[in-house]
Amino acid sequence: MMDVLSSILAFVVAISVLVAVHEYGHYIVGKWSGMKVLRFSIGFGKPLYKKVAGPDQTEYCISAIPLGGYVRFLDSREAAVDPSDDGRAFDQRPIPLRIATLLAGPFFNFAFAIVAYWALFIYGVPTVVPAVGEVEPESYAAEAGLLPGDRIIAVGDRETADWEATLLAMLDRMVATGSIPLTLEDDDGFRRQTAINVGDDASRLTEPGLLFDGLGFRPWGVSDIPAIIGELTEDSPAGNAGLVSGDRITRIDGVTIDNFSDLVEAVSTRADRSVEVVYERGGETFDTVVNIASMERDGQTVGRLGVAAGVGGTDYVYLKQFGPLDSVGRAIQRTWDSTLFTVRMLARMVTGDVSVKNISGPINIAQFAGDSAERGLSSFLGFLAIVSISLGVLNLLPIPILDGGQIVYQTIEGLKGSPLSERAQIAGQQFGILALLILMSFAFYNDLARIFG
């Protein structure tokens, strides 16, 4: 129950922040363009909070349904304009200013993503090097010769320093050509090139959660860190038993230790106990008795060995952190890459090259929001950046009731010298509503399908 509530809260916070950013773009550029703002609302429906302020007596509202928002400008098409406000209605301002006001919402979403990525790059984000974990036999990955521990240096001609960039590049190349060209590097620093060929199976593999299972390999993760001792704490149980940095622990009390995660689990459940530890050193196998210490963690007593991960821990995980100026360029590049990727994926959904199961509704977004919020501020900020980019792209689609459709209307009016007929505008709105209903239906269906399997 608490997980559901936290997801709902994170979703409301995320949507409220991103809608406020989007609508503020319309609001501020509209004001700069000489338009009168009647209402600025976060949410739809009945206002829960309303404040009237400013020389134009603008209504600032927080409304009951937190699934969007709007800015209402004075418009002579909706009501008669007072002579004192003549020329300040949206439809009375020059067309370039109207288009600028409409573009400002999506632009502010992209700007928010840049600021979010900039903050993340300065603050520093623990990053996992894109590397190969377990490889399934007789899979696409196995046929391409991928081996556990291989680092993915580049996808095609695009260098990949983290998994986010790697996934974008892999999906892009797979959908476009049915092949994923890779540059790999093994533990000895030797580089080789190969390609994962999926052919006509590319569309199926774009379904959520199918990519790595379908390709036949698992991304390298914590479970792939070998149980090799790195640094030892002062007066550690391991050091007191004669273990040194570089030793690889293979068994504890007869339990096989395959990786560092297994080691942590085995030690945690053996607080204040003497255990037999089998380890490897210099190609030979030894054993010793270790008196596991204890410590308090999250209100529980757990075992403590007093060691950190050695080779394979710091090799694959690092802190991505840059200076303020360097972070600006990197944040702009990340936002640009993600925007282009989103546009290409949407276009390929229309052509059938990408599964429409990738369309997410509020339920799935809420789950992602809750999960990212639980992982901390940096994770939640990264989530907001991605959703903000998606919101900016979607609002630029040429659907009449979205910003993109309204920009098309204004452009046509500028070209023909007069607005579209009322009949044409009504038909466009009906088409827009139908298109959004279809999109929302797909989104809700996909959400429910993910929940009920």
# chains A, B, ... in the order shown; residues from 1 in each chain; ligands from 1
$ residues_around --residues "Asp287 of chain A" --least-positions-apart "3" --cutoff "9 Å" --atoms "only C-alpha atoms" --output "MDAnalysis selection string"
chainID A and resid 276:280
$ residues_around --residues "Pro96 of chain A" --least-positions-apart "2" --cutoff "12 Å" --atoms "only C-alpha atoms" --output "ChimeraX atom specification"
/A:29-30,33,90-94,98-103,407,410-411,413-415
$ write_last_selection --atoms "C-alpha atoms" --output "compact mmCIF listing (two decimals), in the first residue's frame"
# COMPACT_ATOMS: atom_id res chain seq x y z
CA VAL A 29 6.39 34.44 -23.70
CA GLY A 30 2.73 35.36 -24.14
CA SER A 33 4.38 39.30 -26.63
CA PHE A 90 -4.12 36.11 -28.65
CA ASP A 91 -5.71 36.18 -32.09
CA GLN A 92 -5.03 39.93 -32.42
CA ARG A 93 -1.25 39.65 -31.97
CA PRO A 94 1.10 39.15 -34.97
CA ARG A 98 1.54 33.59 -31.55
CA ILE A 99 3.81 30.86 -32.92
CA ALA A 100 6.59 31.88 -30.49
CA THR A 101 4.11 31.62 -27.60
CA LEU A 102 2.98 28.16 -28.72
CA LEU A 103 6.58 26.96 -29.20
CA ILE A 407 1.24 26.12 -34.87
CA GLN A 410 -1.24 29.82 -37.36
CA THR A 411 1.11 29.01 -40.24
CA GLU A 413 -3.41 31.65 -41.51
CA GLY A 414 -0.17 33.48 -42.25
CA LEU A 415 0.11 31.93 -45.70
$ atom_distance --atom1 "atom CA of Glu136 of chain A" --atom2 "atom CA of Asp213 of chain A"
8.8 Å
$ closest_residue --among "A:Gly189, A:Lys36, A:Ala165, A:Arg248" --to "Val81 of chain A" --atoms "only C-alpha atoms"
A:Lys36
$ closest_residue --among "A:Arg281, A:Gly323, A:Gly329, A:Ser421" --to "Gly124 of chain A" --atoms "only C-alpha atoms"
A:Gly323
$ closest_residue --among "A:Val129, A:Leu168, A:Leu384, A:Leu205" --to "Phe112 of chain A" --atoms "only C-alpha atoms"
A:Leu384
$ select_by_dssp --residues "segment 122-182 of chain A" --states "strand (DSSP E)" --output "PyMOL selection string"
chain A and resi 125-128+132-135+151-155+158-159+179-182
$ atom_distance --atom1 "atom CA of Ser294 of chain A" --atom2 "atom CA of Ser268 of chain A"
8.4 Å
